[in-house]
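Source file: upload03.cif (mmCIF, C-alpha atoms)
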data_work
#
loop_
_atom_site.label_atom_id
_atom_site.label_comp_id
_atom_site.auth_asym_id
_atom_site.auth_seq_id
_atom_site.Cartn_x
_atom_site.Cartn_y
_atom_site.Cartn_z
CA MET A 156 8.78 -7.01 -11.26
CA PRO A 157 6.46 -9.17 -9.15
CA GLU A 158 3.88 -10.96 -11.21
CA TYR A 159 0.61 -12.74 -10.67
CA ALA A 160 0.97 -16.10 -8.98
CA THR A 161 1.05 -19.19 -11.17
CA GLN A 162 -1.52 -21.94 -10.79
CA PRO A 163 -2.57 -23.23 -8.41
CA VAL A 164 -2.76 -20.50 -5.78
CA ARG A 165 -2.15 -21.65 -2.21
CA PRO A 166 -3.78 -20.10 0.85
CA MET A 167 -2.15 -16.74 1.37
CA ARG A 168 -1.68 -14.31 4.25
CA ILE A 169 -1.79 -10.78 2.82
CA THR A 170 -1.01 -7.60 4.75
CA PHE A 171 -0.97 -3.88 4.05
CA GLY A 172 2.68 -2.89 3.62
CA GLY A 173 4.84 0.08 2.73
CA ALA A 174 5.37 3.20 4.80
CA ASP A 175 1.82 4.40 4.08
CA ARG A 176 0.17 0.96 3.85
CA SER A 177 -0.37 1.57 0.13
CA VAL A 178 0.68 -1.87 -1.11
CA LEU A 179 -0.36 -5.44 -0.43
CA GLU A 180 2.30 -7.89 0.77
CA PRO A 181 3.21 -10.17 -0.90
CA GLN A 182 3.21 -7.82 -3.87
CA GLY A 183 1.67 -8.44 -7.27
CA PRO A 184 1.54 -6.07 -10.26
CA LEU A 185 1.77 -2.30 -9.62
CA LEU A 186 -0.08 -0.05 -12.05
CA THR A 187 0.82 3.65 -12.26
CA ARG A 188 -1.46 6.14 -14.02
CA ARG A 189 0.02 9.53 -14.85
CA MET A 190 -1.94 12.52 -16.09
CA SER A 191 -0.97 11.66 -19.67
CA ASP A 192 -2.70 8.27 -19.29
CA LEU A 193 -6.05 10.02 -18.71
CA ASP A 194 -6.47 11.49 -22.20
CA GLY A 195 -10.07 12.45 -23.00
CA LEU A 196 -11.42 11.95 -19.49
CA PHE A 197 -11.42 15.43 -17.90
CA ALA A 198 -13.95 17.95 -19.24
CA ASP A 199 -11.36 20.71 -19.49
CA GLY A 200 -8.95 19.49 -22.17
CA GLY A 201 -6.86 22.64 -21.96
CA ALA A 202 -6.31 22.24 -18.24
CA TRP A 203 -5.43 18.58 -18.78
CA THR A 204 -2.86 19.47 -21.49
CA ALA A 205 -1.31 22.01 -19.14
CA ALA A 206 -1.11 19.44 -16.33
CA VAL A 207 0.60 16.93 -18.62
CA ALA A 208 3.12 19.61 -19.65
CA ASP A 209 3.65 20.59 -16.02
CA GLY A 210 5.45 17.43 -14.94
CA ASP A 211 2.84 14.83 -15.93
CA PRO A 212 2.18 13.88 -12.28
CA VAL A 213 1.08 10.50 -11.01
CA VAL A 214 -2.70 10.67 -10.49
CA TYR A 215 -3.16 7.19 -9.02
CA GLN A 216 -1.54 3.84 -8.40
CA VAL A 217 -3.07 0.38 -8.10
CA ALA A 218 -1.09 -2.16 -6.06
CA CYS A 219 -2.31 -5.74 -6.51
CA SER A 220 -1.73 -8.86 -4.46
CA PRO A 221 -0.40 -11.93 -6.33
CA VAL A 222 -3.88 -13.51 -6.46
CA PRO A 223 -4.47 -13.83 -10.21
CA GLU A 224 -7.18 -12.24 -12.34
CA ARG A 225 -8.79 -15.42 -13.61
CA PRO A 226 -12.11 -17.23 -13.14
CA THR A 227 -12.84 -18.65 -9.66
CA ASP A 228 -10.14 -16.52 -7.98
CA LEU A 229 -10.95 -13.34 -6.03
CA PRO A 230 -8.09 -10.84 -6.44
CA GLN A 231 -7.62 -7.63 -4.46
CA SER A 232 -5.82 -4.33 -4.90
CA VAL A 233 -5.16 -1.08 -3.07
CA THR A 234 -5.70 2.10 -5.10
CA THR A 235 -4.22 5.43 -4.01
CA ILE A 236 -5.50 8.58 -5.73
CA GLN A 237 -3.45 11.70 -5.13
CA PRO A 238 -5.36 14.88 -4.20
CA GLY A 239 -5.87 17.53 -6.84
CA ALA A 240 -8.13 18.70 -9.63
CA VAL A 241 -7.98 19.47 -13.35
CA GLY A 242 -10.02 22.53 -14.29
CA GLY A 243 -11.97 22.12 -11.04
CA GLU A 244 -12.67 18.40 -11.66
CA PHE A 245 -11.25 16.19 -8.93
CA HIS A 246 -8.55 13.62 -9.60
CA MET A 247 -10.14 10.34 -10.56
CA THR A 248 -9.52 6.89 -11.98
CA LYS A 249 -10.19 6.10 -15.65
CA GLY A 250 -13.30 4.18 -14.69
CA HIS A 251 -14.38 0.95 -16.29
CA MET A 252 -17.21 -1.49 -16.89
CA HIS A 253 -16.79 -5.22 -16.24
CA PRO A 254 -17.15 -7.01 -19.60
CA VAL A 255 -18.21 -10.08 -17.58
CA PRO A 256 -21.02 -8.73 -15.37
CA GLN A 257 -19.77 -9.25 -11.83
CA GLY A 258 -20.18 -7.30 -8.61
CA GLU A 259 -17.25 -5.67 -6.82
CA ILE A 260 -16.64 -4.07 -3.45
CA TYR A 261 -14.49 -1.15 -2.37
CA LEU A 262 -13.53 -0.59 1.25
CA GLY A 263 -12.30 2.89 2.20
CA LEU A 264 -8.91 2.83 3.95
CA SER A 265 -7.91 6.49 4.36
CA GLY A 266 -8.68 9.96 3.03
CA GLN A 267 -11.91 11.30 1.56
CA GLY A 268 -13.36 10.21 -1.74
CA GLY A 269 -16.22 8.65 -3.55
CA VAL A 270 -17.37 6.18 -6.17
CA LEU A 271 -19.26 7.36 -9.21
CA MET A 272 -21.38 4.61 -10.81
CA PHE A 273 -23.31 4.69 -14.06
CA ASP A 274 -25.36 2.02 -15.78
CA GLY A 275 -25.92 4.00 -18.97
CA GLU A 276 -29.04 5.70 -17.65
CA ARG A 277 -28.77 6.13 -13.89
CA ALA A 278 -25.84 7.68 -12.01
CA GLU A 279 -25.02 7.29 -8.33
CA PHE A 280 -22.29 8.75 -6.14
CA ILE A 281 -21.31 7.07 -2.89
CA GLU A 282 -19.23 9.02 -0.38
CA MET A 283 -16.27 7.04 0.90
CA ALA A 284 -14.08 7.25 3.97
CA GLU A 285 -12.24 4.79 6.21
CA GLY A 286 -14.48 1.80 7.00
CA VAL A 287 -17.11 2.48 4.34
CA ILE A 288 -17.94 -0.25 1.80
CA ALA A 289 -19.28 0.59 -1.64
CA TYR A 290 -21.14 -2.20 -3.38
CA ILE A 291 -20.83 -2.00 -7.16
CA PRO A 292 -23.47 -4.21 -8.77
CA PRO A 293 -22.88 -5.95 -12.10
CA ASN A 294 -23.49 -3.72 -15.15
CA TRP A 295 -22.62 -0.48 -13.35
CA ALA A 296 -19.47 1.29 -14.58
CA HIS A 297 -17.42 2.71 -11.71
CA ARG A 298 -14.87 5.45 -11.20
CA SER A 299 -13.22 6.55 -7.96
CA VAL A 300 -12.59 10.20 -7.08
CA ASN A 301 -10.46 11.89 -4.44
CA THR A 302 -12.59 14.71 -3.01
CA GLY A 303 -10.20 15.57 -0.16
CA THR A 304 -6.81 17.12 0.43
CA GLU A 305 -4.90 13.94 1.34
CA PRO A 306 -4.34 10.77 -0.68
CA TYR A 307 -7.56 8.75 -0.89
CA ARG A 308 -7.00 5.02 -0.56
CA PHE A 309 -9.30 2.02 -0.87
CA LEU A 310 -9.20 -1.76 -1.05
CA ALA A 311 -10.93 -3.39 -4.04
CA VAL A 312 -12.11 -7.02 -4.11
CA TYR A 313 -13.41 -8.35 -7.43
CA PRO A 314 -13.99 -11.66 -9.21
CA GLY A 315 -10.96 -12.56 -11.30
CA ASP A 316 -12.87 -12.93 -14.55
CA ALA A 317 -14.66 -9.54 -14.39
CA GLY A 318 -12.17 -7.72 -16.61
CA HIS A 319 -11.81 -3.99 -17.34
CA ASP A 320 -13.53 -2.24 -20.25
CA TYR A 321 -12.20 1.34 -20.27
CA GLY A 322 -13.65 2.09 -23.70
CA TRP A 323 -17.21 1.91 -22.38
CA VAL A 324 -16.57 5.02 -20.25
CA LEU A 325 -15.03 6.95 -23.14
CA GLN A 326 -18.12 6.13 -25.20
CA HIS A 327 -20.88 6.53 -22.61
CA GLY A 328 -19.41 8.82 -19.95
CA MET A 329 -20.16 8.40 -16.25
CA GLY A 330 -23.41 10.37 -15.90
CA HIS A 331 -21.83 12.95 -13.64
CA ARG A 332 -18.58 14.73 -12.99
CA VAL A 333 -17.29 15.46 -9.50
CA ARG A 334 -16.18 19.07 -9.19
CA ARG A 335 -14.93 21.35 -6.46
CA ALA A 336 -17.84 23.10 -4.81
CA ALA A 337 -18.07 26.87 -5.18
CA GLY A 338 -15.98 28.43 -2.45
CA GLY A 339 -13.43 25.62 -2.62
CA SER A 340 -14.66 23.31 0.16
CA GLY A 341 -16.27 19.98 -0.64
CA TYR A 342 -17.62 18.74 -3.95
CA ARG A 343 -20.61 19.08 -6.22
CA LEU A 344 -21.96 16.74 -8.88
CA ALA A 345 -22.19 18.30 -12.33
CA PRO A 346 -23.65 16.94 -15.58
CA TYR A 347 -21.12 14.84 -17.46
CA ALA A 348 -21.29 17.01 -20.58
CA GLY A 349 -21.03 20.25 -18.56
CA MET B 881 -36.36 -9.62 9.88
CA PRO B 882 -34.24 -7.94 7.22
CA GLU B 883 -33.82 -10.11 4.17
CA TYR B 884 -31.59 -10.25 1.13
CA ALA B 885 -32.31 -7.50 -1.36
CA THR B 886 -34.58 -8.32 -4.26
CA GLN B 887 -33.40 -7.97 -7.82
CA PRO B 888 -31.89 -5.85 -9.13
CA VAL B 889 -29.45 -4.60 -6.52
CA ARG B 890 -28.65 -0.90 -6.73
CA PRO B 891 -25.31 0.61 -5.76
CA MET B 892 -25.10 0.50 -1.99
CA ARG B 893 -23.19 2.32 0.75
CA ILE B 894 -22.51 -0.16 3.54
CA THR B 895 -21.03 0.70 6.93
CA PHE B 896 -20.04 -1.17 10.06
CA GLY B 897 -22.78 -0.56 12.61
CA GLY B 898 -23.84 -1.56 16.09
CA ALA B 899 -22.12 -0.62 19.35
CA ASP B 900 -19.21 -2.97 18.58
CA ARG B 901 -19.26 -2.59 14.77
CA SER B 902 -20.41 -6.20 14.52
CA VAL B 903 -23.10 -5.72 11.87
CA LEU B 904 -23.25 -4.29 8.38
CA GLU B 905 -25.70 -1.43 7.72
CA PRO B 906 -28.06 -1.74 5.94
CA GLN B 907 -28.63 -5.13 7.56
CA GLY B 908 -29.29 -8.42 5.82
CA PRO B 909 -29.76 -11.86 7.39
CA LEU B 910 -28.25 -12.52 10.84
CA LEU B 911 -27.12 -16.07 11.55
CA THR B 912 -26.59 -17.21 15.16
CA ARG B 913 -24.73 -20.43 15.97
CA ARG B 914 -25.08 -21.75 19.50
CA MET B 915 -23.02 -24.57 20.96
CA SER B 916 -25.83 -27.04 20.18
CA ASP B 917 -25.49 -26.17 16.47
CA LEU B 918 -21.92 -27.51 16.46
CA ASP B 919 -22.73 -31.18 17.04
CA GLY B 920 -19.91 -33.52 16.02
CA LEU B 921 -17.33 -30.81 15.42
CA PHE B 922 -15.28 -30.63 18.66
CA ALA B 923 -13.00 -33.58 19.42
CA ASP B 924 -14.17 -33.81 23.04
CA GLY B 925 -17.82 -34.83 22.75
CA GLY B 926 -18.25 -34.96 26.51
CA ALA B 927 -17.03 -31.40 26.96
CA TRP B 928 -19.33 -30.28 24.12
CA THR B 929 -22.35 -31.99 25.76
CA ALA B 930 -21.52 -30.27 29.04
CA ALA B 931 -21.26 -26.88 27.32
CA VAL B 932 -24.65 -27.37 25.65
CA ALA B 933 -26.17 -28.26 29.02
CA ASP B 934 -24.48 -25.27 30.63
CA GLY B 935 -26.53 -22.58 28.91
CA ASP B 936 -25.89 -23.49 25.27
CA PRO B 937 -23.95 -20.25 24.65
CA VAL B 938 -23.70 -18.38 21.37
CA VAL B 939 -20.39 -19.38 19.78
CA TYR B 940 -20.56 -17.08 16.76
CA GLN B 941 -22.79 -14.80 14.73
CA VAL B 942 -22.69 -13.92 11.04
CA ALA B 943 -24.20 -10.55 10.10
CA CYS B 944 -24.76 -10.15 6.34
CA SER B 945 -25.37 -7.09 4.20
CA PRO B 946 -28.45 -7.18 1.94
CA VAL B 947 -26.32 -8.01 -1.14
CA PRO B 948 -27.78 -11.36 -2.21
CA GLU B 949 -26.08 -14.73 -2.46
CA ARG B 950 -26.55 -15.33 -6.15
CA PRO B 951 -24.36 -15.52 -9.25
CA THR B 952 -22.61 -12.28 -10.34
CA ASP B 953 -23.18 -10.57 -6.96
CA LEU B 954 -20.44 -10.29 -4.34
CA PRO B 955 -22.00 -10.46 -0.84
CA GLN B 956 -20.24 -9.67 2.42
CA SER B 957 -20.68 -10.52 6.08
CA VAL B 958 -19.12 -9.82 9.47
CA THR B 959 -18.51 -12.86 11.67
CA THR B 960 -17.95 -12.53 15.42
CA ILE B 961 -16.61 -15.57 17.28
CA GLN B 962 -16.82 -15.37 21.07
CA PRO B 963 -13.69 -16.37 23.01
CA GLY B 964 -13.59 -19.75 24.69
CA ALA B 965 -12.72 -23.40 24.24
CA VAL B 966 -14.35 -26.84 24.46
CA GLY B 967 -12.04 -29.44 25.96
CA GLY B 968 -9.09 -27.21 25.12
CA GLU B 969 -10.18 -26.72 21.49
CA PHE B 970 -10.80 -23.08 20.66
CA HIS B 971 -14.22 -21.78 19.64
CA MET B 972 -14.62 -22.05 15.89
CA THR B 973 -17.06 -21.88 13.01
CA LYS B 974 -18.57 -25.00 11.50
CA GLY B 975 -16.34 -24.66 8.46
CA HIS B 976 -17.43 -25.33 4.92
CA MET B 977 -16.36 -26.05 1.38
CA HIS B 978 -17.74 -24.05 -1.55
CA PRO B 979 -19.72 -26.47 -3.76
CA VAL B 980 -19.04 -24.05 -6.63
CA PRO B 981 -15.24 -23.65 -6.51
CA GLN B 982 -14.73 -19.93 -5.86
CA GLY B 983 -12.12 -17.97 -3.92
CA GLU B 984 -13.01 -15.91 -0.85
CA ILE B 985 -11.26 -13.33 1.29
CA TYR B 986 -11.39 -12.62 5.01
CA LEU B 987 -10.20 -9.32 6.46
CA GLY B 988 -9.44 -9.26 10.20
CA LEU B 989 -11.32 -6.48 12.03
CA SER B 990 -10.57 -7.03 15.74
CA GLY B 991 -9.33 -9.64 18.18
CA GLN B 992 -6.99 -12.57 17.58
CA GLY B 993 -7.82 -15.57 15.47
CA GLY B 994 -7.00 -17.64 12.47
CA VAL B 995 -8.24 -19.48 9.43
CA LEU B 996 -7.79 -23.21 9.12
CA MET B 997 -7.87 -24.41 5.51
CA PHE B 998 -7.87 -27.96 4.18
CA ASP B 999 -8.05 -29.28 0.63
CA GLY B 1000 -8.44 -32.93 1.63
CA GLU B 1001 -4.68 -33.50 1.78
CA ARG B 1002 -2.93 -30.32 2.81
CA ALA B 1003 -3.79 -28.16 5.84
CA GLU B 1004 -2.81 -24.53 6.40
CA PHE B 1005 -3.39 -22.14 9.29
CA ILE B 1006 -3.20 -18.39 8.76
CA GLU B 1007 -2.93 -16.14 11.81
CA MET B 1008 -5.40 -13.26 11.70
CA ALA B 1009 -5.57 -9.88 13.37
CA GLU B 1010 -6.86 -6.42 12.43
CA GLY B 1011 -5.79 -5.53 8.89
CA VAL B 1012 -4.73 -9.03 7.83
CA ILE B 1013 -6.29 -10.57 4.71
CA ALA B 1014 -6.59 -14.33 4.31
CA TYR B 1015 -6.96 -15.57 0.75
CA ILE B 1016 -8.96 -18.77 0.55
CA PRO B 1017 -8.44 -20.39 -2.87
CA PRO B 1018 -11.16 -22.44 -4.54
CA ASN B 1019 -11.32 -26.07 -3.35
CA TRP B 1020 -9.98 -25.32 0.15
CA ALA B 1021 -12.44 -25.84 3.01
CA HIS B 1022 -12.16 -23.09 5.62
CA ARG B 1023 -12.94 -22.64 9.30
CA SER B 1024 -12.29 -19.62 11.50
CA VAL B 1025 -11.03 -19.90 15.08
CA ASN B 1026 -10.84 -17.42 17.95
CA THR B 1027 -7.42 -17.93 19.57
CA GLY B 1028 -7.64 -14.91 21.85
CA THR B 1029 -9.46 -13.67 24.93
CA GLU B 1030 -11.69 -11.08 23.22
CA PRO B 1031 -14.28 -11.53 20.45
CA TYR B 1032 -12.56 -12.22 17.12
CA ARG B 1033 -14.22 -10.44 14.21
CA PHE B 1034 -13.63 -10.50 10.46
CA LEU B 1035 -15.19 -9.33 7.22
CA ALA B 1036 -15.85 -11.98 4.56
CA VAL B 1037 -16.27 -11.23 0.85
CA TYR B 1038 -17.31 -14.11 -1.39
CA PRO B 1039 -18.92 -14.72 -4.79
CA GLY B 1040 -22.66 -15.11 -4.40
CA ASP B 1041 -22.87 -18.50 -6.11
CA ALA B 1042 -20.12 -20.18 -4.01
CA GLY B 1043 -22.51 -21.82 -1.54
CA HIS B 1044 -21.78 -23.59 1.76
CA ASP B 1045 -21.18 -27.34 2.04
CA TYR B 1046 -20.95 -28.10 5.77
CA GLY B 1047 -21.17 -31.87 5.24
CA TRP B 1048 -17.77 -31.96 3.55
CA VAL B 1049 -16.12 -30.96 6.84
CA LEU B 1050 -18.05 -33.57 8.85
CA GLN B 1051 -16.87 -36.19 6.36
CA HIS B 1052 -13.27 -35.09 5.73
CA GLY B 1053 -12.33 -33.05 8.79
CA MET B 1054 -10.10 -29.99 8.60
CA GLY B 1055 -6.64 -31.56 8.77
CA HIS B 1056 -5.85 -29.92 12.09
CA ARG B 1057 -7.47 -28.76 15.29
CA VAL B 1058 -6.54 -25.54 17.03
CA ARG B 1059 -5.96 -26.11 20.73
CA ARG B 1060 -4.80 -24.07 23.70
CA ALA B 1061 -1.05 -24.31 24.05
CA ALA B 1062 0.32 -26.03 27.14
CA GLY B 1063 0.54 -23.42 29.88
CA GLY B 1064 -2.60 -21.68 28.63
CA SER B 1065 -1.10 -18.94 26.46
CA GLY B 1066 -1.43 -19.06 22.69
CA TYR B 1067 -2.40 -21.99 20.49
CA ARG B 1068 -0.99 -25.16 19.03
CA LEU B 1069 -2.06 -27.15 15.98
CA ALA B 1070 -2.97 -30.75 16.72
CA PRO B 1071 -3.87 -33.63 14.40
CA TYR B 1072 -7.59 -33.62 13.55
CA ALA B 1073 -8.15 -37.10 14.91
CA GLY B 1074 -6.22 -36.37 18.11
#

Whole structure, structure tokens version:
Amino acid sequence: MPEYATQPVRPMRITFGGADRSVLEPQGPLLTRRMSDLDGLFADGGAWTAAVADGDPVVYQVACSPVPERPTDLPQSVTTIQPGAVGGEFHMTKGHMHPVPQGEIYLGLSGQGGVLMFDGERAEFIEMAEGVIAYIPPNWAHRSVNTGTEPYRFLAVYPGDAGHDYGWVLQHGMGHRVRRAAGGSGYRLAPYAG
Amino acid sequence: MPEYATQPVRPMRITFGGADRSVLEPQGPLLTRRMSDLDGLFADGGAWTAAVADGDPVVYQVACSPVPERPTDLPQSVTTIQPGAVGGEFHMTKGHMHPVPQGEIYLGLSGQGGVLMFDGERAEFIEMAEGVIAYIPPNWAHRSVNTGTEPYRFLAVYPGDAGHDYGWVLQHGMGHRVRRAAGGSGYRLAPYAG
């Protein structure tokens, strides 16, 4: 399996590769999240259990470049979230807070989606599409959601020492959930506990 | 004039705006570099003096988002380099070193260009086009060059505390110069002193 580059990193030319431009070339680590990896995150636990039993599908993948996650480097990744919903709640990433408060950007590449952000009190949702940048300030947890019917794909650029605290989201939630709108077209924001 | 956002920055939805998608919306600072701002950078000082006298054209512009240049934020900008050459040396940015060693990425948006990088001993040149990412490691000075016949445009994402040391390039050079190839099509790398 390709791994992060060893020190020191040289200048690098990185391109979007694969049939659907879902990976970065040269390739670094590839992270695959199946439904069973998202325990405790969807509001409807019964629907989640059923989805795990029904083939445990891949919900999203994160394809990194070889630029390492370490201080002073600026790694990147392409995330692809498959379309779908669990009990009416759209497919989403686990979501995380940066233990080291650092900003991050997402750039929409294809499909329809959004970024849910939560700082413990305030929640924001930014609609994403090709060519849209979301700025995620330090101290805002963030989760991406596919609100469309095709794979939703985005480029992430983040300081290498930011880290990923997934437990913060399990403890504090994300402020809102992103659900299918009544009638089946589009989305609506619902209270996290609802 | 739009300015950097004041603290604290909220989550932000940023899009490529303007007729030619050359600015980020909402808009932050806009930096314009004319030929006269590039004193001492082109090898052919006589050709540079003539270009300044002949209308002092805009060589490049940098359009920033309002995300501030400060520690823990991750600002972005779109740079547009107009096509052209001075004594056979392609239009280019001043080039700089980050006084705080931090990585940076460029993403090609349109046109043909490249990134010249130099760490004081080694020089690299990465060809850029739409959809190509250049990774600039910490401690490598970097300069962008338009090697084509249309405006060359790229998105930059960089840690807010990296800073810009332009004096380093005046003192150390960039290892290479990027010149028109013989016959007028394409480019060639030439020694910096040449």

**Q.** Ground truth for the PyMOL selection byres ((chain B) within 6 of (chain A)), written as a list in words
**A.** Pro891, Met892, Arg893, Ile894, Thr895, Thr952, Asp953, Leu954, Gln982, Gly983, Val1012, Ile1013, Ala1014, Tyr1015, Ile1016 and Pro1017 of chain B

Q) From the list B:Gly1066, B:Gly994, B:Pro937, B:Pro1031, which residue is nearest B:Ser916 when using all atoms listed in the file? A)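 Ranked by minimum distance to B:Ser916, first place goes to B:Pro937.
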
Q | Gap from atom CA of A:Leu264 to atom CA of A:Ser232 - Å, one decimal | A |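 The value is 11.8 Å.
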
Q: Translate the PyMOL selection byres ((chain A and resi 206-208) around 12), as applied to the file shown, into an explicit residue set as number ranges by chain.
A: A: 188-194, 197, 199-205, 209-214, 239-242, 246

Q | Hits from the PyMOL selection byres ((chain A and resi 245) around 10), listed as a PyMOL selection string | A | chain A and resi 197+237-244+246-248+268+299-303+332-335+342

**Q.** Interatomic distance (Å, one decimal) between atom CA of B:Leu911 and atom CA of A:Gly263
**A.** 25.8 Å

Q. Atom CA of B:Ser990 and atom CA of B:Pro948, how far apart in Å?
A.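 Straight-line distance from atom CA of B:Pro948 to atom CA of B:Ser990 works out to 25.2 Å.
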
Would you mind listing what lies within 8 Å of A:Tyr321 as a JSON list (two decimals) with C-alpha atoms, keeping the file's coordinate frame, with only C-alpha atoms counted and same-chain residues fewer than 2 positions away left out?
[["chain", "number", "residue", "atom", "x", "y", "z"],
["A", 249, "LYS", "CA", -10.19, 6.10, -15.65],
["A", 250, "GLY", "CA", -13.30, 4.18, -14.69],
["A", 251, "HIS", "CA", -14.38, 0.95, -16.29],
["A", 252, "MET", "CA", -17.21, -1.49, -16.89],
["A", 319, "HIS", "CA", -11.81, -3.99, -17.34],
["A", 323, "TRP", "CA", -17.21, 1.91, -22.38],
["A", 324, "VAL", "CA", -16.57, 5.02, -20.25],
["A", 325, "LEU", "CA", -15.03, 6.95, -23.14]]

For stretch 168-180 of chain A, what centre and edge lengths in Å (one decimal) does the axis-aligned box get once 6 Å is added on each side of all its listed atoms, as lines of an AutoDock Vina configuration file?
center_x = 1.8
center_y = -5.0
center_z = 1.8
size_x = 19.2
size_y = 30.7
size_z = 17.9

Start from the incomplete input, build all heavy atoms for stretch 1023-1029 of chain B, and deliver everything as a PDB file, in the frame of the given file.
ATOM      1  N   ARG B1023     -12.325 -22.772   7.968  1.00  0.00           N
ATOM      2  CA  ARG B1023     -12.940 -22.640   9.300  1.00  0.00           C
ATOM      3  C   ARG B1023     -12.185 -21.552  10.039  1.00  0.00           C
ATOM      4  O   ARG B1023     -10.952 -21.519  10.007  1.00  0.00           O
ATOM      5  CB  ARG B1023     -12.810 -23.969  10.039  1.00  0.00           C
ATOM      6  CG  ARG B1023     -12.909 -23.870  11.555  1.00  0.00           C
ATOM      7  CD  ARG B1023     -12.808 -25.231  12.207  1.00  0.00           C
ATOM      8  NE  ARG B1023     -14.038 -25.990  11.986  1.00  0.00           N
ATOM      9  CZ  ARG B1023     -14.192 -27.279  12.271  1.00  0.00           C
ATOM     10  NH1 ARG B1023     -13.168 -27.969  12.754  1.00  0.00           N
ATOM     11  NH2 ARG B1023     -15.342 -27.883  12.055  1.00  0.00           N
ATOM     12  N   SER B1024     -12.929 -20.679  10.721  1.00  0.00           N
ATOM     13  CA  SER B1024     -12.290 -19.620  11.500  1.00  0.00           C
ATOM     14  C   SER B1024     -12.291 -19.986  12.978  1.00  0.00           C
ATOM     15  O   SER B1024     -13.205 -20.654  13.469  1.00  0.00           O
ATOM     16  CB  SER B1024     -13.004 -18.290  11.281  1.00  0.00           C
ATOM     17  OG  SER B1024     -12.715 -17.799   9.981  1.00  0.00           O
ATOM     18  N   VAL B1025     -11.266 -19.526  13.681  1.00  0.00           N
ATOM     19  CA  VAL B1025     -11.030 -19.900  15.080  1.00  0.00           C
ATOM     20  C   VAL B1025     -10.675 -18.635  15.868  1.00  0.00           C
ATOM     21  O   VAL B1025      -9.921 -17.796  15.374  1.00  0.00           O
ATOM     22  CB  VAL B1025      -9.862 -20.910  15.176  1.00  0.00           C
ATOM     23  CG1 VAL B1025      -9.652 -21.358  16.615  1.00  0.00           C
ATOM     24  CG2 VAL B1025     -10.101 -22.115  14.272  1.00  0.00           C
ATOM     25  N   ASN B1026     -11.231 -18.504  17.050  1.00  0.00           N
ATOM     26  CA  ASN B1026     -10.840 -17.420  17.950  1.00  0.00           C
ATOM     27  C   ASN B1026      -9.760 -17.945  18.894  1.00  0.00           C
ATOM     28  O   ASN B1026     -10.036 -18.784  19.749  1.00  0.00           O
ATOM     29  CB  ASN B1026     -12.042 -16.913  18.750  1.00  0.00           C
ATOM     30  CG  ASN B1026     -11.696 -15.708  19.619  1.00  0.00           C
ATOM     31  OD1 ASN B1026     -10.525 -15.467  19.924  1.00  0.00           O
ATOM     32  ND2 ASN B1026     -12.710 -14.954  20.008  1.00  0.00           N
ATOM     33  N   THR B1027      -8.540 -17.463  18.734  1.00  0.00           N
ATOM     34  CA  THR B1027      -7.420 -17.930  19.570  1.00  0.00           C
ATOM     35  C   THR B1027      -7.102 -16.958  20.696  1.00  0.00           C
ATOM     36  O   THR B1027      -6.099 -17.143  21.391  1.00  0.00           O
ATOM     37  CB  THR B1027      -6.152 -18.127  18.706  1.00  0.00           C
ATOM     38  OG1 THR B1027      -5.858 -16.879  18.060  1.00  0.00           O
ATOM     39  CG2 THR B1027      -6.357 -19.211  17.666  1.00  0.00           C
ATOM     40  N   GLY B1028      -7.940 -15.940  20.862  1.00  0.00           N
ATOM     41  CA  GLY B1028      -7.640 -14.910  21.850  1.00  0.00           C
ATOM     42  C   GLY B1028      -8.603 -14.912  23.021  1.00  0.00           C
ATOM     43  O   GLY B1028      -9.305 -15.899  23.284  1.00  0.00           O
ATOM     44  N   THR B1029      -8.632 -13.799  23.723  1.00  0.00           N
ATOM     45  CA  THR B1029      -9.460 -13.670  24.930  1.00  0.00           C
ATOM     46  C   THR B1029     -10.587 -12.653  24.734  1.00  0.00           C
ATOM     47  O   THR B1029     -11.390 -12.438  25.646  1.00  0.00           O
ATOM     48  CB  THR B1029      -8.589 -13.245  26.127  1.00  0.00           C
ATOM     49  OG1 THR B1029      -7.904 -12.036  25.783  1.00  0.00           O
ATOM     50  CG2 THR B1029      -7.575 -14.319  26.456  1.00  0.00           C
TER      51      THR B1029
END
